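Raw contents of work.cif, mmCIF, C-alpha atoms and all ligand atoms:
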```cif
data_input
loop_
_atom_site.group_PDB
_atom_site.id
_atom_site.type_symbol
_atom_site.label_atom_id
_atom_site.label_comp_id
_atom_site.auth_asym_id
_atom_site.auth_seq_id
_atom_site.Cartn_x
_atom_site.Cartn_y
_atom_site.Cartn_z
ATOM 1 C CA MET D 724 0.000 0.000 0.000
ATOM 2 C CA THR D 725 1.289 3.497 -0.794
ATOM 3 C CA THR D 726 0.889 6.125 1.904
ATOM 4 C CA LYS D 727 1.135 9.807 1.040
ATOM 5 C CA LEU D 728 0.507 12.764 3.282
ATOM 6 C CA VAL D 729 -0.539 16.048 1.728
ATOM 7 C CA ILE D 730 0.559 18.924 3.941
ATOM 8 C CA GLY D 731 0.985 22.689 3.905
ATOM 9 C CA ASP D 732 4.177 24.614 4.669
ATOM 10 C CA PHE D 733 6.121 23.394 7.709
ATOM 11 C CA ASN D 734 6.191 26.992 8.900
ATOM 12 C CA LYS D 735 2.487 27.603 8.553
ATOM 13 C CA SER D 736 0.391 24.483 8.867
ATOM 14 C CA SER D 737 -0.333 23.464 12.433
ATOM 15 C CA TRP D 738 -2.936 20.889 11.399
ATOM 16 C CA SER D 739 -0.442 19.281 9.028
ATOM 17 C CA LEU D 740 2.026 19.025 11.910
ATOM 18 C CA ARG D 741 -0.473 17.042 13.992
ATOM 19 C CA GLY D 742 -1.173 14.474 11.265
ATOM 20 C CA TRP D 743 2.501 14.257 10.318
ATOM 21 C CA LEU D 744 3.460 13.565 13.950
ATOM 22 C CA ALA D 745 1.114 10.569 14.164
ATOM 23 C CA LEU D 746 2.774 8.955 11.123
ATOM 24 C CA VAL D 747 6.314 9.745 12.238
ATOM 25 C CA VAL D 748 5.770 8.560 15.835
ATOM 26 C CA ALA D 749 4.248 5.301 14.549
ATOM 27 C CA ASP D 750 7.219 4.935 12.180
ATOM 28 C CA VAL D 751 4.978 4.622 9.113
ATOM 29 C CA PRO D 752 6.830 4.935 5.786
ATOM 30 C CA PHE D 753 5.181 7.711 3.787
ATOM 31 C CA GLU D 754 5.800 10.286 1.098
ATOM 32 C CA ILE D 755 5.044 13.954 1.546
ATOM 33 C CA ILE D 756 3.204 16.060 -1.003
ATOM 34 C CA LYS D 757 3.709 19.640 0.094
ATOM 35 C CA ILE D 758 1.465 22.456 -1.088
ATOM 36 C CA LYS D 759 2.405 26.054 -0.431
ATOM 37 C CA LEU D 760 -0.403 27.801 1.446
ATOM 38 C CA GLU D 761 -1.739 31.304 0.807
ATOM 39 C CA GLN D 762 -0.998 31.282 -2.941
ATOM 40 C CA SER D 763 -3.470 32.020 -5.707
ATOM 41 C CA ASP D 764 -3.519 28.347 -6.725
ATOM 42 C CA THR D 765 -3.436 26.821 -3.222
ATOM 43 C CA ARG D 766 -7.079 25.831 -3.080
ATOM 44 C CA GLN D 767 -7.056 24.345 -6.548
ATOM 45 C CA ARG D 768 -3.903 22.358 -5.763
ATOM 46 C CA ILE D 769 -5.241 21.023 -2.466
ATOM 47 C CA LEU D 770 -8.534 20.043 -4.137
ATOM 48 C CA GLN D 771 -6.606 17.736 -6.462
ATOM 49 C CA TYR D 772 -6.139 15.510 -3.409
ATOM 50 C CA SER D 773 -8.398 16.608 -0.585
ATOM 51 C CA PRO D 774 -12.148 17.062 -1.187
ATOM 52 C CA SER D 775 -12.495 19.435 1.791
ATOM 53 C CA GLY D 776 -9.901 21.789 0.303
ATOM 54 C CA LYS D 777 -7.885 21.473 3.518
ATOM 55 C CA VAL D 778 -4.641 19.856 4.545
ATOM 56 C CA PRO D 779 -3.525 17.499 5.940
ATOM 57 C CA ALA D 780 -4.928 14.668 3.860
ATOM 58 C CA LEU D 781 -3.721 11.094 4.067
ATOM 59 C CA LEU D 782 -3.836 9.317 0.722
ATOM 60 C CA LEU D 783 -4.066 5.562 0.966
ATOM 61 C CA ASP D 784 -4.567 3.325 -2.054
ATOM 62 C CA ASP D 785 -8.325 3.603 -2.061
ATOM 63 C CA ILE D 786 -9.322 6.322 0.395
ATOM 64 C CA VAL D 787 -8.449 9.887 1.358
ATOM 65 C CA ILE D 788 -8.596 10.822 5.039
ATOM 66 C CA ASN D 789 -8.902 14.599 5.034
ATOM 67 C CA ASP D 790 -8.735 15.667 8.662
ATOM 68 C CA SER D 791 -5.891 15.739 11.185
ATOM 69 C CA LEU D 792 -7.752 14.028 14.018
ATOM 70 C CA ALA D 793 -9.166 11.354 11.702
ATOM 71 C CA ILE D 794 -5.630 10.702 10.416
ATOM 72 C CA CYS D 795 -4.376 10.347 13.996
ATOM 73 C CA GLU D 796 -7.263 7.990 14.832
ATOM 74 C CA TYR D 797 -6.562 5.891 11.754
ATOM 75 C CA ILE D 798 -2.867 5.554 12.580
ATOM 76 C CA ALA D 799 -3.689 4.676 16.210
ATOM 77 C CA ALA D 800 -6.032 1.912 15.035
ATOM 78 C CA ALA D 801 -3.707 0.607 12.304
ATOM 79 C CA TYR D 802 -0.646 0.532 14.593
ATOM 80 C CA PRO D 803 -2.066 -0.468 17.996
ATOM 81 C CA ALA D 804 1.328 -1.495 19.412
ATOM 82 C CA VAL D 805 2.438 2.155 19.334
ATOM 83 C CA ASN D 806 -0.232 3.088 21.916
ATOM 84 C CA LEU D 807 -1.054 6.490 20.491
ATOM 85 C CA TRP D 808 -3.944 6.549 22.941
ATOM 86 C CA PRO D 809 -3.510 5.566 26.619
ATOM 87 C CA GLN D 810 -4.465 1.970 27.374
ATOM 88 C CA ASP D 811 -6.502 2.763 30.486
ATOM 89 C CA SER D 812 -10.029 3.435 29.204
ATOM 90 C CA ARG D 813 -10.748 6.292 31.647
ATOM 91 C CA ILE D 814 -7.481 8.091 30.902
ATOM 92 C CA LYS D 815 -8.063 7.434 27.213
ATOM 93 C CA ALA D 816 -11.486 9.116 27.463
ATOM 94 C CA LEU D 817 -9.895 12.175 29.102
ATOM 95 C CA ALA D 818 -7.185 12.274 26.435
ATOM 96 C CA ARG D 819 -9.788 12.041 23.671
ATOM 97 C CA ALA D 820 -11.833 14.828 25.226
ATOM 98 C CA ALA D 821 -8.732 17.048 25.410
ATOM 99 C CA ALA D 822 -7.796 16.268 21.798
ATOM 100 C CA ALA D 823 -11.366 16.990 20.679
ATOM 101 C CA GLU D 824 -11.431 20.278 22.625
ATOM 102 C CA MET D 825 -8.220 21.332 20.880
ATOM 103 C CA HIS D 826 -9.501 20.215 17.504
ATOM 104 C CA SER D 827 -12.753 22.154 17.741
ATOM 105 C CA GLY D 828 -11.909 25.050 20.040
ATOM 106 C CA PHE D 829 -9.453 27.690 21.214
ATOM 107 C CA THR D 830 -10.408 29.917 18.321
ATOM 108 C CA ASN D 831 -9.315 33.130 20.073
ATOM 109 C CA LEU D 832 -5.869 31.723 20.771
ATOM 110 C CA ARG D 833 -5.568 30.364 17.237
ATOM 111 C CA THR D 834 -6.601 33.685 15.728
ATOM 112 C CA GLN D 835 -4.615 36.048 17.934
ATOM 113 C CA MET D 836 -1.522 33.864 18.190
ATOM 114 C CA SER D 837 -1.183 32.607 14.641
ATOM 115 C CA PHE D 838 0.894 29.456 14.202
ATOM 116 C CA GLY D 839 3.407 30.932 11.734
ATOM 117 C CA LEU D 840 6.811 29.769 12.946
ATOM 118 C CA ASN D 841 8.588 32.476 10.966
ATOM 119 C CA THR D 842 5.728 34.714 9.850
ATOM 120 C CA GLY D 843 3.048 36.949 11.305
ATOM 121 C CA ASP D 844 2.866 39.786 13.780
ATOM 122 C CA THR D 845 3.058 39.528 17.531
ATOM 123 C CA PRO D 846 -0.004 41.105 19.175
ATOM 124 C CA GLU D 847 0.780 43.735 21.779
ATOM 125 C CA THR D 848 -1.899 42.540 24.153
ATOM 126 C CA LEU D 849 -3.852 39.353 24.366
ATOM 127 C CA THR D 850 -7.609 39.635 24.797
ATOM 128 C CA ALA D 851 -9.305 38.326 27.941
ATOM 129 C CA GLU D 852 -10.781 35.524 25.821
ATOM 130 C CA THR D 853 -7.341 34.439 24.603
ATOM 131 C CA GLN D 854 -5.951 34.612 28.124
ATOM 132 C CA GLY D 855 -8.867 32.510 29.342
ATOM 133 C CA GLU D 856 -8.119 29.892 26.693
ATOM 134 C CA ILE D 857 -4.445 29.803 27.725
ATOM 135 C CA GLN D 858 -5.516 29.142 31.328
ATOM 136 C CA ARG D 859 -7.884 26.410 30.117
ATOM 137 C CA ILE D 860 -4.990 24.711 28.302
ATOM 138 C CA PHE D 861 -2.863 24.817 31.461
ATOM 139 C CA SER D 862 -5.720 23.221 33.337
ATOM 140 C CA ILE D 863 -6.191 20.461 30.706
ATOM 141 C CA TRP D 864 -2.493 19.636 30.797
ATOM 142 C CA SER D 865 -2.201 19.586 34.586
ATOM 143 C CA ASN D 866 -5.351 17.474 34.934
ATOM 144 C CA LEU D 867 -4.046 14.867 32.465
ATOM 145 C CA LEU D 868 -0.595 14.763 34.049
ATOM 146 C CA GLU D 869 -2.122 14.371 37.501
ATOM 147 C CA ARG D 870 -4.703 11.759 36.507
ATOM 148 C CA SER D 871 -2.298 9.677 34.432
ATOM 149 C CA GLY D 872 0.576 10.050 36.913
ATOM 150 C CA SER D 873 2.869 10.613 33.921
ATOM 151 C CA LYS D 874 6.236 12.238 34.433
ATOM 152 C CA GLN D 875 6.811 12.509 30.704
ATOM 153 C CA PHE D 876 4.051 13.379 28.251
ATOM 154 C CA LEU D 877 0.399 14.082 29.112
ATOM 155 C CA CYS D 878 -0.627 10.451 29.516
ATOM 156 C CA GLY D 879 2.693 8.535 29.458
ATOM 157 C CA GLY D 880 4.394 8.008 26.085
ATOM 158 C CA PHE D 881 3.949 10.613 23.342
ATOM 159 C CA GLY D 882 0.439 10.203 21.976
ATOM 160 C CA ILE D 883 -2.259 11.876 19.913
ATOM 161 C CA VAL D 884 -3.230 14.167 22.759
ATOM 162 C CA ASP D 885 0.349 15.498 22.848
ATOM 163 C CA ALA D 886 0.431 15.827 19.051
ATOM 164 C CA MET D 887 -2.715 17.962 19.202
ATOM 165 C CA PHE D 888 -1.028 20.386 21.606
ATOM 166 C CA VAL D 889 2.446 20.626 19.998
ATOM 167 C CA PRO D 890 1.423 23.696 17.946
ATOM 168 C CA VAL D 891 0.268 25.317 21.201
ATOM 169 C CA VAL D 892 3.670 24.648 22.778
ATOM 170 C CA PHE D 893 5.252 26.331 19.734
ATOM 171 C CA ARG D 894 2.902 29.293 20.129
ATOM 172 C CA PHE D 895 3.666 29.674 23.837
ATOM 173 C CA ARG D 896 7.356 29.717 22.979
ATOM 174 C CA ARG D 897 6.992 32.151 20.112
ATOM 175 C CA TYR D 898 4.707 34.582 21.953
ATOM 176 C CA GLY D 899 6.623 34.377 25.247
ATOM 177 C CA ILE D 900 3.751 32.943 27.291
ATOM 178 C CA THR D 901 4.896 32.053 30.792
ATOM 179 C CA VAL D 902 4.045 28.466 31.526
ATOM 180 C CA PRO D 903 3.478 27.616 35.216
ATOM 181 C CA ALA D 904 6.461 25.909 36.863
ATOM 182 C CA TYR D 905 4.628 22.578 37.232
ATOM 183 C CA LEU D 906 4.127 22.424 33.424
ATOM 184 C CA GLN D 907 7.598 23.599 32.460
ATOM 185 C CA GLU D 908 9.015 20.096 32.325
ATOM 186 C CA TYR D 909 6.219 18.922 30.035
ATOM 187 C CA VAL D 910 6.857 21.775 27.616
ATOM 188 C CA GLU D 911 10.594 21.093 27.612
ATOM 189 C CA GLN D 912 10.046 17.387 26.926
ATOM 190 C CA VAL D 913 7.760 18.211 24.005
ATOM 191 C CA LEU D 914 10.286 20.617 22.505
ATOM 192 C CA ALA D 915 13.107 18.094 22.921
ATOM 193 C CA TYR D 916 11.126 15.163 21.472
ATOM 194 C CA PRO D 917 12.996 14.042 18.298
ATOM 195 C CA PRO D 918 10.015 14.127 15.875
ATOM 196 C CA VAL D 919 9.161 17.644 17.116
ATOM 197 C CA GLN D 920 12.779 18.677 16.587
ATOM 198 C CA GLN D 921 12.621 17.114 13.127
ATOM 199 C CA TRP D 922 9.617 19.282 12.173
ATOM 200 C CA LEU D 923 11.352 22.418 13.476
ATOM 201 C CA LYS D 924 14.398 21.537 11.401
ATOM 202 C CA LEU D 925 12.284 21.056 8.263
ATOM 203 C CA ALA D 926 10.603 24.395 8.983
ATOM 204 C CA ALA D 927 13.974 26.116 9.391
ATOM 205 C CA GLN D 928 15.126 24.710 6.031
ATOM 206 C CA GLU D 929 11.990 25.866 4.252
ATOM 207 C CA VAL D 930 12.468 28.814 1.942
HETATM 208 N N1 LIG S 1001 -10.216 20.419 10.735
HETATM 209 C C1 LIG S 1001 -9.137 20.356 9.779
HETATM 210 C C2 LIG S 1001 -8.567 21.750 9.605
HETATM 211 C C3 LIG S 1001 -7.507 21.790 8.504
HETATM 212 C C4 LIG S 1001 -7.092 23.194 8.122
HETATM 213 O O1 LIG S 1001 -7.755 24.194 8.450
HETATM 214 N N2 LIG S 1001 -5.986 23.256 7.380
HETATM 215 C C5 LIG S 1001 -5.485 24.520 6.838
HETATM 216 C C6 LIG S 1001 -3.957 24.577 6.973
HETATM 217 S S1 LIG S 1001 -3.380 24.495 8.632
HETATM 218 C C7 LIG S 1001 -5.751 24.559 5.359
HETATM 219 O O2 LIG S 1001 -5.860 23.537 4.702
HETATM 220 N N3 LIG S 1001 -5.803 25.751 4.787
HETATM 221 C C8 LIG S 1001 -5.866 25.871 3.376
HETATM 222 C C9 LIG S 1001 -6.764 26.937 2.928
HETATM 223 O O3 LIG S 1001 -7.571 27.378 3.759
HETATM 224 O O4 LIG S 1001 -6.673 27.306 1.748
HETATM 225 C C10 LIG S 1001 -8.092 19.354 10.286
HETATM 226 O O5 LIG S 1001 -8.070 19.112 11.497
HETATM 227 O O6 LIG S 1001 -7.373 18.766 9.483
#
```

Mind converting the file's structure to structure tokens?
Ligand SMILES: N[C@@H](CCC(=O)N[C@@H](CS)C(=O)NCC(=O)O)C(=O)O
Amino acid sequence: MTTKLVIGDFNKSSWSLRGWLALVVADVPFEIIKIKLEQSDTRQRILQYSPSGKVPALLLDDIVINDSLAICEYIAAAYPAVNLWPQDSRIKALARAAAAEMHSGFTNLRTQMSFGLNTGDTPETLTAETQGEIQRIFSIWSNLLERSGSKQFLCGGFGIVDAMFVPVVFRFRRYGITVPAYLQEYVEQVLAYPPVQQWLKLAAQEV
């Protein structure tokens, strides 16, 4: 079976990063088809592969999975030994809820603190709504760490829930958000995680 992942720029596409991480962490061999975002032909180029007009899209022989969380779910199911979700069903439910909240929410944070690793302006002040969302993320992380008893990632080994929040860790770093001391170690482990470093390297090499 051929596996291809259609993504946007490494510097710009936070949703691509999430899907890409699932494949890399599960050690799936795949090819990348990269489409430059924010160009006059971007939409037309993405539509050649992804019916939603969005990236990432995972191209398998006979289907296209055109959503980051669905890609993560597919990889978790296809490679169960990697444990991309926690094994404990209650912790897994909490991890899924956190991943879903990230996937569907935090619109103020995503708008005011754009993902661009090397692009975009830095807002002078963050709105109360954005600050509230940052506090909510701290609370999600601390709850998962406490409930799972993990000293590493949110629920033990690096999983989908961590992948969903990697772009947030990048944003906190880029916008100088002070992370509470009890979450500092988590953030450092995420930034030091080899696949995360690999993405940052690819982003740095991108013209
Ligand atoms: N819910 C989708 C969102 C995907 C999304 O918004 N992708 C952006 C890039 S990060 C995109 O394709 N933008 C292209 C465009 O709007 O032209 C997912 O989780 O995959």

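Closest to Leu760 (chain D) among D:Leu817, D:Val778, D:Ala799, D:Ala745 is D:Val778, based on all atoms listed in the file.
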
Practice prompt. Enumerate as a PyMOL selection string the residues within 8 Å of ligand LIG 1001 (chain S), counting only C-alpha atoms and all ligand atoms.
Written response: chain D and resi 730-731+735-739+742+760-761+765-766+769+776-780+789-793+826-827

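When the PyMOL selection byres (((chain D and resi 847) around 12) and not hetatm) is evaluated against the file, it yields Gln835, Met836, Asp844, Thr845, Pro846, Thr848, Leu849, Thr850, Tyr898 and Gly899 of chain D.
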
Find the residues near Gln912 (chain D): any atom within 10 Å, counting only C-alpha atoms, skip ones fewer than 4 places away on the same chain, and give them as a list in words. Lys874, Gln875, Phe876, Phe881, Gln907, Glu908, Tyr916, Pro917 and Val919 of chain D

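Taking CA of Asp764 (chain D) and CA of Gly828 (chain D) as endpoints, the distance between them is 28.2 Å.
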
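Of the residues under consideration (D:Thr842, D:Ser773, D:Thr726, D:Ser865), D:Thr726 shows the shortest atom-to-atom contact distance to Leu746 (chain D) when counting all atoms listed in the file.
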
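With all atoms listed in the file as the atoms that count, the minimum distance from Glu852 (chain D) to the choices D:Ser873, D:Gln928, D:Thr830, D:Asn866 is reached by D:Thr830.
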